>>> print(open('model_17.cif').read())   # mmCIF, C-alpha atoms
data_my_file
loop_
_atom_site.label_atom_id
_atom_site.label_comp_id
_atom_site.auth_asym_id
_atom_site.auth_seq_id
_atom_site.Cartn_x
_atom_site.Cartn_y
_atom_site.Cartn_z
CA MET A 6 62.84 -59.10 122.49
CA THR A 7 61.12 -60.48 125.55
CA LEU A 8 57.53 -61.57 125.14
CA ARG A 9 55.05 -62.52 127.83
CA ILE A 10 52.94 -65.53 126.87
CA LEU A 11 49.60 -66.20 128.56
CA ALA A 12 48.39 -69.76 129.01
CA PHE A 13 44.90 -71.13 129.54
CA GLY A 14 43.27 -74.51 130.18
CA ILE A 15 45.63 -77.42 129.78
CA ALA A 16 48.39 -75.09 128.51
CA LYS A 17 48.41 -73.42 131.92
CA GLU A 18 49.01 -76.83 133.52
CA ILE A 19 51.75 -77.69 131.00
CA LEU A 20 53.57 -74.40 131.69
CA GLY A 21 52.86 -74.68 135.40
CA SER A 22 51.87 -71.02 135.34
CA THR A 23 49.33 -68.59 133.89
CA SER A 24 52.14 -66.90 131.93
CA THR A 25 55.79 -67.20 130.97
CA LEU A 26 58.47 -64.99 129.41
CA VAL A 27 60.27 -66.05 126.24
CA GLU A 28 63.18 -64.49 124.38
CA LEU A 29 62.94 -64.19 120.59
CA HIS A 30 64.74 -62.11 117.96
CA ALA A 31 63.09 -58.94 116.66
CA GLY A 32 60.76 -59.75 113.78
CA ALA A 33 60.11 -63.31 114.97
CA THR A 34 56.91 -64.93 113.73
CA VAL A 35 54.21 -66.98 115.40
CA LYS A 36 55.75 -70.06 113.79
CA GLU A 37 59.09 -69.38 115.52
CA LEU A 38 57.31 -68.86 118.82
CA ARG A 39 55.48 -72.19 118.41
CA ILE A 40 58.77 -74.00 117.75
CA LEU A 41 60.35 -72.43 120.84
CA LEU A 42 57.36 -73.23 123.04
CA GLU A 43 57.19 -76.84 121.81
CA LYS A 44 60.89 -77.22 122.56
CA GLN A 45 60.57 -75.75 126.05
CA TYR A 46 57.31 -77.55 126.81
CA PRO A 47 57.27 -80.85 124.84
CA ARG A 48 53.85 -81.76 126.24
CA LEU A 49 52.37 -79.08 123.97
CA GLN A 50 53.17 -81.41 121.05
CA LYS A 51 50.87 -84.05 122.53
CA LEU A 52 47.83 -81.77 122.27
CA ALA A 53 45.29 -82.29 119.50
CA SER A 54 46.35 -78.80 118.36
CA PHE A 55 47.03 -75.38 119.76
CA MET A 56 46.70 -71.88 118.37
CA ILE A 57 48.47 -68.64 119.17
CA ALA A 58 46.38 -65.53 119.72
CA VAL A 59 47.90 -62.07 119.32
CA ASN A 60 46.02 -59.11 120.80
CA ASN A 61 42.87 -61.22 121.23
CA GLU A 62 42.81 -62.54 117.64
CA TYR A 63 43.85 -65.94 116.27
CA ALA A 64 47.16 -65.37 114.48
CA SER A 65 48.51 -67.17 111.41
CA SER A 66 51.95 -68.78 111.53
CA ASP A 67 53.57 -66.01 109.45
CA HIS A 68 52.26 -63.24 111.73
CA VAL A 69 55.17 -61.07 112.95
CA LEU A 70 55.28 -60.56 116.71
CA GLN A 71 55.92 -57.16 118.27
CA PRO A 72 57.11 -56.24 121.76
CA GLY A 73 54.11 -55.44 123.92
CA ASN A 74 51.74 -57.74 122.02
CA GLU A 75 49.32 -59.68 124.20
CA ILE A 76 50.16 -63.25 123.21
CA ALA A 77 48.31 -66.37 124.37
CA ILE A 78 48.50 -70.11 123.88
CA ILE A 79 45.03 -71.37 122.95
CA PRO A 80 44.72 -75.15 123.42
CA PRO A 81 41.68 -76.92 121.86
CA VAL A 82 38.60 -75.03 123.06
CA SER A 83 35.69 -76.81 124.74
CA GLY A 84 33.12 -74.25 125.80
CA GLY A 85 29.36 -74.75 125.73
CA MET B 28 -0.32 -29.39 108.10
CA PHE B 29 1.99 -30.24 111.00
CA CYS B 30 5.22 -30.45 109.13
CA ASN B 31 6.47 -29.76 105.65
CA GLN B 32 7.82 -32.27 103.19
CA GLY B 33 11.39 -31.40 104.18
CA MET B 34 10.83 -32.64 107.73
CA LYS B 35 8.86 -35.78 106.91
CA LEU B 36 11.60 -37.56 105.04
CA PRO B 37 14.34 -37.44 107.71
CA LEU B 38 11.83 -38.46 110.41
CA TYR B 39 10.69 -41.42 108.34
CA HIS B 40 14.28 -42.56 107.86
CA LEU B 41 15.01 -42.13 111.56
CA LEU B 42 12.05 -44.33 112.52
CA ALA B 43 13.05 -46.95 109.97
CA ALA B 44 16.56 -47.03 111.41
CA VAL B 45 15.25 -47.42 114.97
CA LYS B 46 12.93 -50.22 113.90
CA LYS B 47 15.75 -52.11 112.21
CA LYS B 48 18.09 -51.80 115.21
CA GLN B 49 19.44 -55.17 116.26
CA MET B 50 20.40 -56.21 119.75
CA ILE B 51 23.50 -58.23 120.61
CA ASP B 52 24.02 -59.15 124.25
CA ILE B 53 27.19 -61.03 125.23
CA VAL B 54 28.13 -61.96 128.79
CA ILE B 55 30.68 -64.15 130.56
CA THR B 56 29.96 -64.51 134.26
CA GLU B 57 30.52 -66.67 137.31
CA GLU B 58 26.93 -66.03 138.38
CA ILE B 59 24.01 -68.44 137.86
CA LEU B 60 22.30 -67.80 134.50
CA ASN B 61 18.66 -66.78 134.58
CA ILE B 62 16.92 -68.50 131.64
CA GLN B 63 13.69 -66.49 131.76
CA GLN B 64 15.58 -63.22 131.96
CA CYS B 65 17.58 -64.18 128.84
CA ILE B 66 14.38 -64.97 126.94
CA ASN B 67 12.78 -61.70 128.02
CA LYS B 68 15.82 -59.76 126.83
CA VAL B 69 15.47 -60.97 123.23
CA GLN B 70 11.66 -60.86 123.03
CA SER B 71 10.46 -58.28 120.56
CA ASP B 72 6.99 -57.50 119.24
CA ASP B 73 8.13 -57.65 115.62
CA CYS B 74 9.51 -61.19 116.04
CA GLY B 75 7.54 -64.36 115.39
CA GLY B 76 9.72 -66.60 117.49
CA ILE B 77 12.59 -67.10 119.89
CA ASP B 78 14.94 -70.05 119.69
CA VAL B 79 16.83 -70.90 122.87
CA PHE B 80 19.70 -73.32 123.39
CA ILE B 81 20.38 -74.20 127.01
CA GLY B 82 23.52 -76.18 127.71
CA THR B 83 23.36 -78.36 130.82
CA VAL B 84 26.02 -80.30 132.71
CA ARG B 85 25.63 -84.03 131.99
CA ASP B 86 26.29 -86.59 134.73
CA ASN B 87 28.50 -88.82 132.61
CA THR B 88 30.95 -88.96 129.72
CA LYS B 89 30.98 -92.27 127.86
CA GLY B 90 29.42 -93.93 130.90
CA LYS B 91 31.93 -92.47 133.36
CA LYS B 92 30.42 -90.56 136.27
CA VAL B 93 31.11 -86.82 136.12
CA LEU B 94 31.28 -85.08 139.49
CA ARG B 95 31.56 -81.51 138.23
CA LEU B 96 32.90 -79.30 135.44
CA GLU B 97 35.33 -76.41 135.76
CA PHE B 98 35.07 -73.70 133.09
CA GLU B 99 37.79 -71.23 132.32
CA ALA B 100 37.75 -68.40 129.75
CA TYR B 101 40.28 -66.11 128.11
CA GLU B 102 37.69 -63.51 128.83
CA THR B 103 38.71 -60.53 126.69
CA MET B 104 39.19 -62.67 123.59
CA ALA B 105 36.16 -64.88 124.28
CA LEU B 106 33.92 -61.80 124.42
CA ILE B 107 35.33 -60.59 121.08
CA GLU B 108 34.86 -64.00 119.44
CA MET B 109 31.33 -64.36 120.79
CA ARG B 110 30.44 -60.91 119.45
CA LYS B 111 31.86 -61.87 116.03
CA LEU B 112 29.62 -64.95 115.94
CA ALA B 113 26.59 -62.94 116.97
CA LYS B 114 27.33 -60.30 114.34
CA ASN B 115 27.75 -62.99 111.64
CA ALA B 116 24.43 -64.54 112.60
CA VAL B 117 22.59 -61.22 112.70
CA ASP B 118 23.89 -60.35 109.23
CA LYS B 119 23.30 -63.78 107.68
CA TRP B 120 19.79 -64.44 109.03
CA SER B 121 18.55 -60.86 109.54
CA LEU B 122 17.93 -61.51 113.22
CA LYS B 123 16.41 -59.02 115.60
CA SER B 124 18.27 -60.12 118.72
CA VAL B 125 21.08 -62.47 119.72
CA LEU B 126 22.07 -63.25 123.29
CA ILE B 127 24.99 -65.44 124.32
CA TYR B 128 25.66 -65.92 128.04
CA HIS B 129 28.40 -68.26 129.26
CA ARG B 130 29.39 -69.17 132.78
CA THR B 131 32.84 -69.84 134.18
CA GLY B 132 33.92 -71.49 137.41
CA ILE B 133 32.70 -74.71 138.99
CA LEU B 134 29.41 -76.18 137.72
CA HIS B 135 27.60 -79.26 138.95
CA VAL B 136 25.33 -81.77 137.22
CA GLY B 137 22.22 -80.04 135.91
CA ASP B 138 23.74 -76.56 136.07
CA VAL B 139 23.56 -74.33 132.97
CA PRO B 140 26.92 -73.24 131.51
CA VAL B 141 25.55 -71.59 128.36
CA ILE B 142 22.38 -69.95 127.08
CA ILE B 143 21.91 -68.79 123.51
CA ALA B 144 18.69 -66.98 122.63
CA VAL B 145 17.80 -65.75 119.16
CA ALA B 146 14.76 -63.73 118.11
CA ALA B 147 13.74 -63.40 114.48
CA ALA B 148 10.72 -62.49 112.41
CA HIS B 149 10.38 -66.09 111.25
CA ARG B 150 11.27 -69.43 112.85
CA ASP B 151 13.55 -70.87 110.15
CA ALA B 152 16.06 -68.09 110.71
CA ALA B 153 15.90 -68.48 114.49
CA PHE B 154 16.44 -72.26 114.39
CA ASP B 155 19.32 -72.06 111.91
CA ALA B 156 21.06 -69.19 113.68
CA CYS B 157 20.80 -70.82 117.10
CA ARG B 158 22.37 -74.02 115.78
CA TYR B 159 25.15 -72.04 114.06
CA LEU B 160 25.88 -70.09 117.23
CA ILE B 161 26.28 -73.04 119.59
CA ASP B 162 28.20 -75.14 117.02
CA THR B 163 30.62 -72.31 116.21
CA LEU B 164 31.01 -71.24 119.84
CA LYS B 165 32.23 -74.74 120.63
CA GLN B 166 34.80 -74.52 117.82
CA THR B 167 36.23 -71.02 118.12
CA VAL B 168 35.52 -69.28 121.44
CA PRO B 169 38.44 -69.57 123.90
CA ILE B 170 36.61 -71.21 126.77
CA TRP B 171 37.72 -74.53 128.26
CA LYS B 172 36.12 -77.14 130.46
CA LYS B 173 37.70 -79.70 132.68
CA GLU B 174 35.68 -82.78 133.58
CA ILE B 175 36.22 -84.02 137.11
CA PHE B 176 35.62 -87.76 137.60
CA GLU B 177 35.86 -89.86 140.77
CA ASP B 178 39.34 -91.02 139.78
CA GLY B 179 40.84 -88.03 137.96
CA ASP B 180 40.14 -85.22 135.53
CA ILE B 181 40.59 -84.27 131.87
CA TRP B 182 40.53 -81.07 129.83
CA VAL B 183 37.85 -81.82 127.21
CA SER B 184 39.14 -82.11 123.60
CA ALA B 185 42.75 -81.38 124.63
CA HIS B 186 44.19 -84.63 123.29
CA PRO B 187 43.47 -86.53 120.07
#
>>> encode(input="model_17.cif", output="structure tokens")
Amino acid sequence: MTLRILAFGIAKEILGSTSTLVELHAGATVKELRILLEKQYPRLQKLASFMIAVNNEYASSDHVLQPGNEIAIIPPVSGG
Amino acid sequence: MFCNQGMKLPLYHLLAAVKKKQMIDIVITEEILNIQQCINKVQSDDCGGIDVFIGTVRDNTKGKKVLRLEFEAYETMALIEMRKLAKNAVDKWSLKSVLIYHRTGILHVGDVPVIIAVAAAHRDAAFDACRYLIDTLKQTVPIWKKEIFEDGDIWVSAHP
């Protein structure tokens, strides 16, 4: 399945874009997405941390991704 | 007699429900924040106090001159997360009103990126809730700031 991944803050600079498309097998989890993203964009590993949000909620690593999900890379937040 | 017993009870409950109604006001905007307007929005005659946190852009980080900040939000999710915080605070401290306004875009020294205003019957609740809201916002709400210095820039908290 093809998933569109949104990127914000420093993640947007690391990807060089506000979004990217990735290819994962059906039933893939957030953990598998993280591994793929870290492989494609090694600079993500240098971050203090990053989370994955699915449909506007922080998602745990065992969360199963579905086609059409709104998925985002959330680097360390710094609002306020 | 203006109304019978059967009518009094529902009316009483209706009034009680209206009185207990809590207000949550969440905004993300590129516009300048109006502090007085935020305070007025949470003011309520049954509250004994309003606590307000006003974030301001500082002119330095660890002694290094800051020229400006650039704020970016994942707006749909940030609004949801901010509402969750507000709801948690209202439930925990029995607040009357919670307002969280956050700016995005380019801000200069002295500008106000965030206002949190909390109204409660008693001050302890207002102080505690206000502190919880700003502390938790900084930890969980997907908003980012980039500090621009004379010789470069950094995304705050991005690296260990």
>>> residues_around(input="model_17.cif", residues="segment 56-71 of chain A", least_positions_apart="3", cutoff="12 Å", atoms="all atoms listed in the file", output="ChimeraX atom specification")
/A:6-13,16,28-40,42,49-50,52-53,74-82 /B:101-109,111,167-169
>>> resolve_selection(input="model_17.cif", expression="the PyMOL selection byres ((chain B and resi 143) around 7)", output="PDB file with C-alpha atoms, keeping the file's coordinate frame")
ATOM      1  CA  VAL B  79      16.830 -70.900 122.870  1.00  0.00           C
ATOM      2  CA  PHE B  80      19.700 -73.320 123.390  1.00  0.00           C
ATOM      3  CA  ILE B  81      20.380 -74.200 127.010  1.00  0.00           C
ATOM      4  CA  LEU B 126      22.070 -63.250 123.290  1.00  0.00           C
ATOM      5  CA  ILE B 127      24.990 -65.440 124.320  1.00  0.00           C
ATOM      6  CA  TYR B 128      25.660 -65.920 128.040  1.00  0.00           C
ATOM      7  CA  VAL B 141      25.550 -71.590 128.360  1.00  0.00           C
ATOM      8  CA  ILE B 142      22.380 -69.950 127.080  1.00  0.00           C
ATOM      9  CA  ALA B 144      18.690 -66.980 122.630  1.00  0.00           C
ATOM     10  CA  VAL B 145      17.800 -65.750 119.160  1.00  0.00           C
ATOM     11  CA  CYS B 157      20.800 -70.820 117.100  1.00  0.00           C
TER      12      CYS B 157
END
>>> residues_around(input="model_17.cif", residues="Ile77 of chain B", least_positions_apart="5", cutoff="8 Å", atoms="all atoms listed in the file", output="count of residues only")
9
>>> atom_distance(input="model_17.cif", atom1="atom CA of Ser121 of chain B", atom2="atom CA of Asp72 of chain B")
15.5 Å
>>> closest_residue(input="model_17.cif", among="A:Pro47, A:Gly14, A:Pro72, A:Gly21", to="chain B", atoms="all atoms listed in the file")
A:Gly14
>>> atom_distance(input="model_17.cif", atom1="atom CA of Lys92 of chain B", atom2="atom CA of Gln166 of chain B")
24.8 Å
>>> atom_distance(input="model_17.cif", atom1="atom CA of Ser22 of chain A", atom2="atom CA of Arg130 of chain B")
22.7 Å
>>> closest_residue(input="model_17.cif", among="B:Arg158, B:His149, B:Lys119, B:His129", to="chain A", atoms="all atoms listed in the file")
B:His129
>>> residues_around(input="model_17.cif", residues="Glu57 of chain B", least_positions_apart="6", cutoff="10 Å", atoms="only C-alpha atoms", output="tab-separated table (two decimals) with C-alpha atoms, keeping the file's coordinate frame")
chain	number	residue	atom	x	y	z
B	98	PHE	CA	35.07	-73.70	133.09
B	99	GLU	CA	37.79	-71.23	132.32
B	129	HIS	CA	28.40	-68.26	129.26
B	130	ARG	CA	29.39	-69.17	132.78
B	131	THR	CA	32.84	-69.84	134.18
B	132	GLY	CA	33.92	-71.49	137.41
B	133	ILE	CA	32.70	-74.71	138.99
B	134	LEU	CA	29.41	-76.18	137.72
B	140	PRO	CA	26.92	-73.24	131.51
>>> closest_residue(input="model_17.cif", among="A:Thr23, A:Leu41, A:Arg48, A:Ile15", to="Lys172 of chain B", atoms="all atoms listed in the file")
A:Ile15
>>> closest_residue(input="model_17.cif", among="A:Tyr46, A:Ser24, A:Gly73, A:Phe55", to="chain B", atoms="all atoms listed in the file")
A:Phe55
>>> residues_around(input="model_17.cif", residues="Val136 of chain B", least_positions_apart="3", cutoff="7 Å", atoms="all atoms listed in the file", output="PyMOL selection string")
chain B and resi 84-86+95
>>> axis_aligned_box(input="model_17.cif", around="segment 57-74 of chain B", padding_each_side="6 Å", output="JSON")
{"center_x": 18.8, "center_y": -63.0, "center_z": 127.0, "size_x": 35.5, "size_y": 23.0, "size_z": 34.8}
>>> residues_near_point(input="model_17.cif", point="(35.0, -79.3, 127.4)", cutoff="10 Å", atoms="all atoms listed in the file", output="mmCIF file with C-alpha atoms, in the frame of the given file")
data_model
loop_
_atom_site.group_PDB
_atom_site.id
_atom_site.type_symbol
_atom_site.label_atom_id
_atom_site.label_comp_id
_atom_site.auth_asym_id
_atom_site.auth_seq_id
_atom_site.Cartn_x
_atom_site.Cartn_y
_atom_site.Cartn_z
ATOM 1 C CA GLY A 14 43.270 -74.510 130.180
ATOM 2 C CA PRO A 81 41.680 -76.920 121.860
ATOM 3 C CA VAL A 82 38.600 -75.030 123.060
ATOM 4 C CA SER A 83 35.690 -76.810 124.740
ATOM 5 C CA GLY A 84 33.120 -74.250 125.800
ATOM 6 C CA GLY A 85 29.360 -74.750 125.730
ATOM 7 C CA LEU B 96 32.900 -79.300 135.440
ATOM 8 C CA GLU B 97 35.330 -76.410 135.760
ATOM 9 C CA PHE B 98 35.070 -73.700 133.090
ATOM 10 C CA GLU B 99 37.790 -71.230 132.320
ATOM 11 C CA LYS B 165 32.230 -74.740 120.630
ATOM 12 C CA ILE B 170 36.610 -71.210 126.770
ATOM 13 C CA TRP B 171 37.720 -74.530 128.260
ATOM 14 C CA LYS B 172 36.120 -77.140 130.460
ATOM 15 C CA LYS B 173 37.700 -79.700 132.680
ATOM 16 C CA GLU B 174 35.680 -82.780 133.580
ATOM 17 C CA ILE B 181 40.590 -84.270 131.870
ATOM 18 C CA TRP B 182 40.530 -81.070 129.830
ATOM 19 C CA VAL B 183 37.850 -81.820 127.210
ATOM 20 C CA SER B 184 39.140 -82.110 123.600
ATOM 21 C CA ALA B 185 42.750 -81.380 124.630
#
